[in-house]
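Dumped data_0.txt below, it's compact mmCIF, C-alpha atoms:
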# COMPACT_ATOMS: atom_id res chain seq x y z
CA MET A 7 0.00 0.00 0.00
CA LYS A 8 2.88 2.36 0.86
CA LYS A 9 4.44 1.62 -2.53
CA MET A 10 1.19 2.57 -4.30
CA ILE A 11 0.98 5.86 -2.38
CA PHE A 12 4.54 6.63 -3.43
CA ILE A 13 3.97 5.75 -7.09
CA ILE A 14 0.81 7.87 -7.60
CA PRO A 15 2.54 11.32 -7.19
CA ILE A 16 5.33 10.20 -9.53
CA ILE A 17 2.77 9.36 -12.23
CA PHE A 18 1.37 12.90 -12.05
CA LEU A 19 4.87 14.40 -12.27
CA LEU A 20 5.61 12.40 -15.38
CA THR A 21 2.55 13.58 -17.29
CA GLY A 22 3.12 16.38 -19.83
CA CYS A 23 0.93 19.22 -21.04
CA TYR A 24 -1.83 18.01 -23.32
CA ASN A 25 -1.25 20.86 -25.81
CA TYR A 26 2.56 20.95 -25.62
CA ARG A 27 4.31 21.90 -28.87
CA GLU A 28 7.90 22.51 -29.84
CA ILE A 29 8.79 26.19 -30.29
CA ASN A 30 10.31 25.45 -33.71
CA GLU A 31 6.88 24.32 -34.91
CA LEU A 32 5.30 27.73 -34.25
CA ALA A 33 5.31 31.16 -35.89
CA ILE A 34 5.33 33.73 -33.04
CA VAL A 35 2.88 36.50 -33.95
CA SER A 36 3.60 39.94 -32.47
CA GLY A 37 1.08 42.06 -34.37
CA VAL A 38 -2.20 41.59 -36.25
CA SER A 39 -4.17 43.89 -38.52
CA ILE A 40 -7.65 43.19 -39.90
CA ARG A 41 -9.63 44.86 -42.64
CA LYS A 42 -12.68 44.15 -44.74
CA VAL A 43 -12.18 43.62 -48.48
CA ASP A 44 -15.43 43.12 -50.38
CA ASP A 45 -17.14 40.31 -48.44
CA GLU A 46 -13.95 38.80 -47.02
CA ILE A 47 -11.69 39.36 -44.03
CA GLU A 48 -8.10 40.28 -44.90
CA LEU A 49 -5.75 39.32 -42.07
CA THR A 50 -2.14 40.48 -41.82
CA THR A 51 0.23 39.05 -39.22
CA GLU A 52 3.67 40.22 -38.18
CA VAL A 53 5.80 37.19 -37.28
CA ILE A 54 9.12 37.35 -35.44
CA ASN A 55 11.92 35.99 -37.63
CA PRO A 56 13.26 32.97 -35.68
CA LYS A 57 16.62 33.07 -37.50
CA LYS A 58 17.22 36.64 -36.32
CA GLU A 59 16.23 35.73 -32.77
CA GLN A 60 18.64 32.79 -32.69
CA ASP A 61 21.54 34.41 -34.55
CA ALA A 62 22.01 38.20 -34.31
CA SER A 63 24.69 38.05 -37.00
CA SER A 64 22.33 36.66 -39.64
CA GLY A 65 23.15 39.46 -42.07
CA GLU A 66 20.37 40.72 -44.30
CA GLU A 67 17.66 38.65 -42.64
CA PRO A 68 14.67 40.88 -41.70
CA GLU A 69 13.63 41.18 -38.06
CA PHE A 70 10.05 40.18 -38.86
CA ILE A 71 8.04 38.62 -41.69
CA ILE A 72 4.59 39.68 -42.90
CA TYR A 73 1.92 37.17 -43.95
CA THR A 74 -1.44 38.14 -45.46
CA SER A 75 -4.47 36.04 -46.34
CA ARG A 76 -8.20 36.44 -47.06
CA ALA A 77 -11.18 34.34 -46.08
CA LYS A 78 -14.78 34.58 -44.92
CA SER A 79 -13.72 34.45 -41.24
CA VAL A 80 -10.71 35.27 -39.06
CA GLN A 81 -10.11 31.61 -38.16
CA GLU A 82 -10.11 30.55 -41.82
CA ALA A 83 -7.75 33.40 -42.75
CA ILE A 84 -5.25 32.34 -40.07
CA ARG A 85 -5.33 28.71 -41.14
CA LYS A 86 -4.86 29.67 -44.80
CA MET A 87 -1.54 31.28 -43.89
CA ILE A 88 -0.10 27.78 -43.67
CA LYS A 89 -0.01 27.92 -47.49
CA GLU A 90 2.80 30.48 -47.18
CA SER A 91 4.23 29.84 -43.73
CA PRO A 92 5.90 26.53 -42.82
CA ARG A 93 4.75 27.06 -39.22
CA LYS A 94 1.39 27.42 -37.49
CA MET A 95 0.52 30.93 -36.30
CA TYR A 96 0.83 31.25 -32.51
CA GLY A 97 -0.94 34.23 -30.92
CA ALA A 98 0.03 34.01 -27.24
CA HIS A 99 2.53 36.86 -27.66
CA ILE A 100 0.44 39.32 -29.67
CA GLU A 101 1.21 42.92 -28.63
CA ILE A 102 -1.13 44.94 -30.85
CA LEU A 103 -4.32 44.45 -32.86
CA VAL A 104 -5.04 47.05 -35.56
CA ILE A 105 -8.67 47.20 -36.71
CA ASP A 106 -9.41 48.88 -40.03
CA GLU A 107 -11.93 51.75 -40.24
CA GLY A 108 -14.36 49.61 -42.22
CA ILE A 109 -14.30 46.91 -39.54
CA ALA A 110 -14.71 49.53 -36.80
CA ARG A 111 -17.79 51.03 -38.48
CA GLU A 112 -19.77 47.86 -39.08
CA TYR A 113 -18.14 44.58 -38.02
CA LEU A 114 -16.34 45.20 -34.72
CA MET A 115 -18.41 42.73 -32.69
CA ASP A 116 -17.83 39.93 -35.20
CA ILE A 117 -14.05 40.35 -34.96
CA LEU A 118 -13.92 40.59 -31.17
CA ASP A 119 -15.60 37.20 -30.77
CA PHE A 120 -12.68 35.27 -32.25
CA PHE A 121 -10.05 36.77 -29.94
CA ALA A 122 -12.27 36.23 -26.89
CA ARG A 123 -12.86 32.58 -27.78
CA ASP A 124 -9.29 31.47 -28.59
CA PRO A 125 -7.73 30.09 -25.35
CA GLU A 126 -4.17 30.56 -26.61
CA ILE A 127 -4.46 34.34 -27.04
CA ARG A 128 -3.89 36.41 -23.91
CA SER A 129 -6.12 39.45 -23.46
CA GLU A 130 -3.50 42.08 -22.60
CA PHE A 131 -2.60 43.11 -26.15
CA LYS A 132 -3.44 46.69 -27.18
CA VAL A 133 -6.20 47.53 -29.67
CA LEU A 134 -6.06 50.41 -32.17
CA VAL A 135 -8.07 51.69 -35.14
CA GLY A 136 -5.95 51.83 -38.32
CA LYS A 137 -6.40 54.60 -40.90
CA SER A 138 -3.86 53.19 -43.37
CA ASP A 139 -3.25 49.76 -44.88
CA ASP A 140 -0.01 47.80 -44.48
CA ILE A 141 1.19 49.75 -41.43
CA LEU A 142 2.73 46.60 -39.95
CA LYS A 143 5.05 46.30 -42.95
CA ILE A 144 6.99 49.47 -42.09
CA THR A 145 10.53 48.92 -40.79
CA THR A 146 11.57 51.14 -37.90
CA PRO A 147 15.03 52.49 -36.98
CA LEU A 148 14.72 52.69 -33.17
CA GLU A 149 12.77 49.46 -32.62
CA LYS A 150 13.50 46.23 -34.45
CA ILE A 151 9.89 45.07 -34.55
CA SER A 152 7.11 47.23 -36.03
CA SER A 153 4.57 46.25 -33.36
CA GLU A 154 7.02 47.21 -30.59
CA ASN A 155 7.53 50.61 -32.22
CA ILE A 156 3.76 51.17 -32.36
CA LEU A 157 3.25 50.01 -28.77
CA ASN A 158 6.02 52.26 -27.39
CA SER A 159 4.71 55.25 -29.37
CA LEU A 160 1.21 54.66 -28.01
CA GLU A 161 2.33 54.40 -24.38
CA ASN A 162 4.59 57.46 -24.60
CA ASN A 163 1.87 59.52 -26.28
CA ASN A 164 -0.48 58.69 -23.44
CA LYS A 165 2.16 59.30 -20.78
CA TYR A 166 3.60 62.61 -21.99
CA LEU A 167 0.94 64.18 -24.25
CA GLY A 168 -2.42 62.73 -23.23
CA PHE A 169 -3.70 62.72 -26.83
CA ALA A 170 -4.21 58.94 -26.96
CA ASN A 171 -5.56 56.31 -24.61
CA VAL A 172 -4.16 52.82 -24.10
CA VAL A 173 -6.81 50.10 -24.37
CA THR A 174 -6.12 46.42 -23.80
CA TYR A 175 -8.37 43.80 -25.34
CA HIS A 176 -9.58 42.89 -21.85
CA GLU A 177 -10.60 46.52 -21.18
CA LEU A 178 -12.25 46.74 -24.58
CA ILE A 179 -14.42 43.70 -23.89
CA SER A 180 -15.34 45.10 -20.43
CA ASN A 181 -16.47 48.37 -22.02
CA VAL A 182 -18.41 46.54 -24.73
CA LEU A 183 -20.28 44.59 -22.05
CA ASN A 184 -21.07 47.77 -20.09
CA PRO A 185 -24.13 49.39 -21.76
CA ASN A 186 -23.48 52.69 -19.96
CA ILE A 187 -20.04 53.40 -21.47
CA GLU A 188 -19.22 54.10 -25.11
CA LEU A 189 -15.95 53.01 -26.71
CA VAL A 190 -12.92 55.16 -27.46
CA LEU A 191 -9.85 53.64 -29.16
CA PRO A 192 -6.47 55.11 -30.15
CA VAL A 193 -5.85 55.72 -33.86
CA LEU A 194 -2.85 54.51 -35.86
CA ASN A 195 -1.90 56.27 -39.08
CA MET A 196 1.04 56.34 -41.44
CA LYS A 197 3.30 59.19 -42.50
CA GLY A 198 5.21 58.83 -45.76
CA ASN A 199 5.29 56.18 -48.48
CA VAL A 200 4.53 52.63 -47.37
CA ASN A 201 6.43 51.12 -50.31
CA LEU A 202 9.60 52.91 -49.21
CA GLY A 203 8.80 52.28 -45.56
CA GLU A 204 8.94 48.50 -45.86
CA ASP A 205 12.31 48.65 -47.58
CA LYS A 206 15.44 47.87 -45.54
CA GLU A 207 16.85 51.29 -46.45
CA ASN A 208 14.16 52.95 -44.33
CA ILE A 209 16.20 52.13 -41.21
CA SER A 210 19.60 52.96 -42.71
CA ASN A 211 18.86 56.64 -43.40
CA THR A 212 18.92 59.50 -40.88
CA SER A 213 15.47 60.55 -42.12
CA VAL A 214 12.93 57.75 -42.53
CA LYS A 215 10.78 57.59 -45.66
CA ALA A 216 7.75 56.28 -43.78
CA THR A 217 6.73 55.75 -40.19
CA SER A 218 3.65 54.85 -38.17
CA ILE A 219 2.19 57.59 -35.96
CA ILE A 220 -0.40 57.73 -33.18
CA ASP A 221 -3.07 60.01 -34.61
CA GLY A 222 -5.57 60.80 -31.85
CA MET A 223 -8.58 58.75 -30.83
CA ALA A 224 -11.66 57.23 -32.48
CA ILE A 225 -15.09 57.75 -30.93
CA PHE A 226 -17.82 55.08 -31.06
CA ARG A 227 -21.54 54.95 -30.43
CA ASN A 228 -23.36 51.64 -29.96
CA ASN A 229 -20.03 49.92 -30.73
CA LYS A 230 -19.77 51.54 -34.17
CA LEU A 231 -17.16 54.08 -35.26
CA MET A 232 -18.62 57.59 -35.51
CA GLY A 233 -15.57 59.79 -36.09
CA TYR A 234 -12.36 61.10 -34.60
CA LEU A 235 -11.61 63.38 -31.68
CA THR A 236 -9.43 66.46 -31.96
CA GLU A 237 -6.28 66.68 -29.81
CA GLU A 238 -8.10 68.91 -27.34
CA GLU A 239 -11.10 66.57 -27.16
CA SER A 240 -8.77 63.57 -26.78
CA LEU A 241 -6.93 65.24 -23.92
CA THR A 242 -10.21 66.13 -22.21
CA TYR A 243 -11.41 62.54 -22.51
CA ASN A 244 -8.23 61.23 -20.89
CA ILE A 245 -8.45 63.85 -18.15
CA LEU A 246 -12.02 62.92 -17.21
CA ARG A 247 -11.30 59.19 -17.42
CA ASP A 248 -8.22 59.61 -15.19
CA SER A 249 -5.89 58.46 -17.99
CA ALA A 250 -3.91 61.71 -18.37
CA LYS A 251 -1.44 62.04 -15.52
CA ASN A 252 1.05 64.36 -17.18
CA PHE A 253 0.41 66.97 -19.89
CA PHE A 254 0.95 70.64 -20.77
CA ILE A 255 -1.31 73.69 -20.74
CA ARG A 256 -0.19 77.02 -22.22
CA THR A 257 -1.62 80.27 -20.86
CA SER A 258 -1.31 83.39 -23.01
CA GLY A 259 -0.49 86.94 -21.98
CA HIS A 260 -0.08 90.26 -23.80
CA ASP A 261 1.90 90.65 -27.04
CA ASN A 262 2.30 86.91 -27.69
CA GLU A 263 3.66 86.29 -24.21
CA TYR A 264 2.95 82.89 -22.69
CA ILE A 265 3.73 80.45 -19.90
CA VAL A 266 3.71 76.66 -20.25
CA HIS A 267 2.48 74.66 -17.25
CA GLU A 268 3.10 70.95 -16.80
CA ILE A 269 0.16 69.29 -15.04
CA ILE A 270 1.20 66.50 -12.69
CA ARG A 271 -0.67 64.14 -10.35
CA LEU A 272 -4.08 65.06 -11.76
CA SER A 273 -7.23 63.47 -10.37
CA SER A 274 -10.76 63.64 -11.77
CA LYS A 275 -14.01 63.10 -9.85
CA MET A 276 -17.55 63.01 -11.28
CA GLU A 277 -20.76 63.23 -9.24
CA PHE A 278 -24.36 63.51 -10.39
CA ASP A 279 -26.58 66.11 -8.73
CA LYS A 280 -30.07 64.66 -9.07
CA ASN A 281 -31.83 67.84 -7.86
CA LYS A 282 -30.11 70.06 -10.42
CA ASN A 283 -29.91 67.28 -13.03
CA GLU A 284 -26.27 68.13 -13.72
CA MET A 285 -22.91 66.39 -13.67
CA LYS A 286 -20.36 67.88 -11.30
CA ILE A 287 -16.75 67.43 -12.38
CA THR A 288 -13.89 68.28 -10.03
CA LEU A 289 -10.27 68.29 -11.20
CA THR A 290 -7.49 68.49 -8.63
CA GLY A 291 -3.73 68.24 -8.97
CA ASN A 292 -0.44 70.07 -9.08
CA SER A 293 1.47 71.95 -11.74
CA ALA A 294 5.04 72.93 -12.53
CA ILE A 295 6.16 75.87 -14.64
CA SER A 296 8.20 74.47 -17.50
CA GLU A 297 8.59 77.51 -19.79
CA VAL A 298 8.28 81.27 -19.24
CA ASN A 299 8.03 83.73 -22.12
CA GLU A 300 6.79 86.86 -20.39
CA LYS A 301 7.95 89.41 -17.83
CA ILE A 302 7.09 87.98 -14.43
CA ASP A 303 8.61 87.67 -10.98
CA LEU A 304 8.00 84.14 -9.71
CA GLU A 305 9.12 85.17 -6.22
CA ASN A 306 6.10 87.46 -5.99
CA LEU A 307 3.28 85.48 -4.34
CA GLU A 308 0.57 87.68 -5.90
CA GLU A 309 1.97 87.03 -9.38
CA VAL A 310 2.13 83.30 -8.72
CA SER A 311 -1.45 83.34 -7.45
CA LYS A 312 -2.60 85.08 -10.64
CA LEU A 313 -0.80 82.47 -12.74
CA GLU A 314 -2.49 79.68 -10.82
CA LYS A 315 -5.91 81.27 -11.28
CA LYS A 316 -5.31 81.78 -14.99
CA LEU A 317 -4.20 78.15 -15.40
CA ASN A 318 -7.36 76.87 -13.70
CA GLN A 319 -9.54 79.08 -15.89
CA GLU A 320 -7.79 77.89 -19.07
CA LEU A 321 -8.16 74.21 -18.15
CA LYS A 322 -11.81 74.72 -17.17
CA LYS A 323 -12.58 76.39 -20.51
CA MET A 324 -10.87 73.60 -22.45
CA VAL A 325 -12.79 70.82 -20.66
CA GLU A 326 -16.16 72.60 -21.01
CA ARG A 327 -15.50 73.39 -24.68
CA SER A 328 -14.57 69.79 -25.49
CA ILE A 329 -17.55 68.27 -23.67
CA LEU A 330 -19.95 70.61 -25.48
CA SER A 331 -18.32 69.83 -28.83
CA ILE A 332 -18.63 66.06 -28.33
CA GLN A 333 -22.23 66.41 -27.13
CA LYS A 334 -23.21 68.32 -30.28
CA LYS A 335 -21.24 66.34 -32.87
CA TYR A 336 -21.57 62.76 -31.67
CA ASN A 337 -24.06 62.47 -28.77
CA SER A 338 -21.84 59.64 -27.51
CA ASP A 339 -21.39 59.24 -23.76
CA ILE A 340 -17.67 58.43 -23.86
CA PHE A 341 -17.12 60.06 -20.46
CA GLY A 342 -19.34 57.55 -18.69
CA PHE A 343 -21.91 60.04 -17.34
CA GLY A 344 -24.62 57.39 -17.62
CA ASP A 345 -22.50 54.96 -15.63
CA VAL A 346 -22.05 57.56 -12.87
CA ILE A 347 -25.82 58.11 -12.68
CA TYR A 348 -26.49 54.37 -12.70
CA LYS A 349 -24.07 53.69 -9.84
CA SER A 350 -25.45 56.57 -7.72
CA TYR A 351 -29.17 56.26 -8.53
CA PRO A 352 -29.84 52.89 -10.23
CA LYS A 353 -33.64 53.09 -10.04
CA TYR A 354 -33.70 56.66 -11.32
CA PHE A 355 -31.37 55.75 -14.19
CA GLN A 356 -33.63 52.89 -15.26
CA LYS A 357 -36.46 55.42 -15.66
CA ILE A 358 -34.44 57.86 -17.78
CA LYS A 359 -32.27 55.26 -19.55
CA ASP A 360 -33.96 55.41 -22.97
CA GLU A 361 -34.20 59.20 -22.90
CA PHE A 362 -30.54 59.51 -21.86
CA LYS A 363 -29.42 57.17 -24.63
CA HIS A 364 -31.40 59.09 -27.24
CA ASP A 365 -30.57 62.72 -26.45
CA GLY A 366 -30.03 62.98 -22.71
CA PHE A 367 -26.27 63.15 -23.02
CA GLN A 368 -26.56 66.08 -25.44
CA ASN A 369 -28.68 68.00 -22.93
CA MET A 370 -26.70 67.04 -19.83
CA LYS A 371 -25.59 70.12 -17.89
CA VAL A 372 -21.99 70.02 -16.74
CA ASN A 373 -20.44 71.97 -13.88
CA VAL A 374 -16.62 71.92 -14.01
CA SER A 375 -14.46 72.91 -11.05
CA VAL A 376 -10.65 73.02 -11.38
CA LYS A 377 -8.28 73.21 -8.42
CA ILE A 378 -4.73 72.91 -9.72
CA LYS A 379 -2.02 74.19 -7.36
CA GLY A 380 1.31 75.49 -8.63
CA GLN A 381 4.13 73.83 -6.70
CA GLU A 382 7.26 73.85 -8.84
CA LYS A 383 8.94 76.73 -10.69
CA GLY A 384 12.00 74.98 -12.13
CA SER A 385 15.54 76.15 -11.39
CA LEU A 386 14.79 79.85 -12.10
CA ASN A 387 12.73 82.16 -9.90
CA ARG A 388 12.46 84.78 -12.63
CA GLY A 389 11.90 84.73 -16.37
CA VAL A 390 14.84 85.40 -18.69
CA ARG A 391 13.01 88.33 -20.30
CA LYS A 392 13.68 91.80 -18.84
Have the structure of the file written as structure tokens, please.
Amino acid sequence: MKKMIFIIPIIFLLTGCYNYREINELAIVSGVSIRKVDDEIELTTEVINPKKEQDASSGEEPEFIIYTSRAKSVQEAIRKMIKESPRKMYGAHIEILVIDEGIAREYLMDILDFFARDPEIRSEFKVLVGKSDDILKITTPLEKISSENILNSLENNNKYLGFANVVTYHELISNVLNPNIELVLPVLNMKGNVNLGEDKENISNTSVKATSIIDGMAIFRNNKLMGYLTEEESLTYNILRDSAKNFFIRTSGHDNEYIVHEIIRLSSKMEFDKNKNEMKITLTGNSAISEVNEKIDLENLEEVSKLEKKLNQELKKMVERSILSIQKKYNSDIFGFGDVIYKSYPKYFQKIKDEFKHDGFQNMKVNVSVKIKGQEKGSLNRGVRK
């Protein structure tokens, strides 16, 4: 009996994974783009070149290889790539998914189902709307892999500019399943000539012939693409959704004078006032003066107080202007006002739900309060102008 007890654990240790496969049997996919061509799905995959990974001195070998195929469904298109690739596509390491405008306008839900259903694909890859075809083909000088270049550009844009949001597939699905929040996705575009961009010489010149760029954000309504936000509207969205932690605001003075403020540690809070039927938005945070182009004494507390007041007024105007613009143009509740009402007054929201969805967001009154405190002045207490 003791021998049997000893043997049983050993049997479990000796068993392997049921879906185990050798790495040299797989094509590691790092990026995917999807578009609609006539009545078919065109799928493009960026595959890491295994020769380059194993041998850095492999000469003219490209860092990645592009495969493209068409079929009636995503699954069929992936399988058809075996005609060109000697290896099966493996999606566990996908970093980005680029969805074409045509897909985003009409067929988004059909595409999302495949990635949610495939157990091999992890849900942390980033999703973007693509304005140009063949973006994944572009070679990049600072990053070896095109998808890595796009991912780093997206994250840095969000971190330092606030003009784009970063959306994982998991977050996208969560928003799709929440009827009180509309979708917003970052936009990927191309600058230059794609034919020159996919050439090896694109990374050997000091000035690239083509490159991928993060080009703002796409706004949806009922999970369908409606249009694109301006930089100011994009920044406002990220501010209200607590996605913009660091960005710049410029306040103007007389005769083209100006001061640039860096906003840091920003926090946004939204509350619904049922009695007034308005959304109260409170922005708090700190700022640092990063550039001074006017005559001012930063040691004078009154002057600093005026700057702080002017900064708060400028940010308040920008947020109010952007909200009003989005209400008029799109009537899409991307800020999640409906979700705020639902969480605070669920029964009340159920009564006004249909009205809010139809035109309630357009008529929603918004009260914005900004309380940004100036804390840092840089290494100079005065401006360089006399």
Would you please work out which residue, of A:Glu82, A:Asp248, A:Glu314, A:Glu309, is nearest to Phe341 (chain A) when using all atoms listed in the file? A:Asp248
Contacts of region 322-328 of chain A within 6 Å, only C-alpha atoms, excl. fewer than 2 positions in-chain, as a ChimeraX atom specification: /A:239,242,319-320,330-331
Can you list, as a list in words, every protein, DNA or RNA residue that comes within 12 Å of Asp365 (chain A) when you count all atoms listed in the file, leaving out same-chain residues fewer than 6 positions away?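 Non-adjacent residues within range: Gln333, Lys334, Lys335, Tyr336, Asn337, Ser338, Asp339, Gly344, Ile358 and Lys359 of chain A.
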Name the closest residue to Asp119 (chain A) among the candidates A:Tyr175, A:Met276, A:Ser138, A:Ile144; distances are taken between atoms, counting all atoms listed in the file.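 Of the candidates, the smallest distance to Asp119 (chain A) is held by A:Tyr175.
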Would you please work out which residue, of A:Met196, A:Val266, A:Ile109, A:Leu321, is nearest to Ser296 (chain A) when using all atoms listed in the file?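 The shortest atom-to-atom distance to Ser296 (chain A) comes from A:Val266.
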Among the residues A:Glu154, A:Val374, A:His364, A:His176, the one that comes closest to Leu246 (chain A) [using only C-alpha atoms]: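 For Leu246 (chain A), the nearest of the given residues is A:Val374.
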Which value, in Å to one decimal, gives the distance between CA of Ala216 (chain A) and CA of Asp139 (chain A)? 12.8 Å
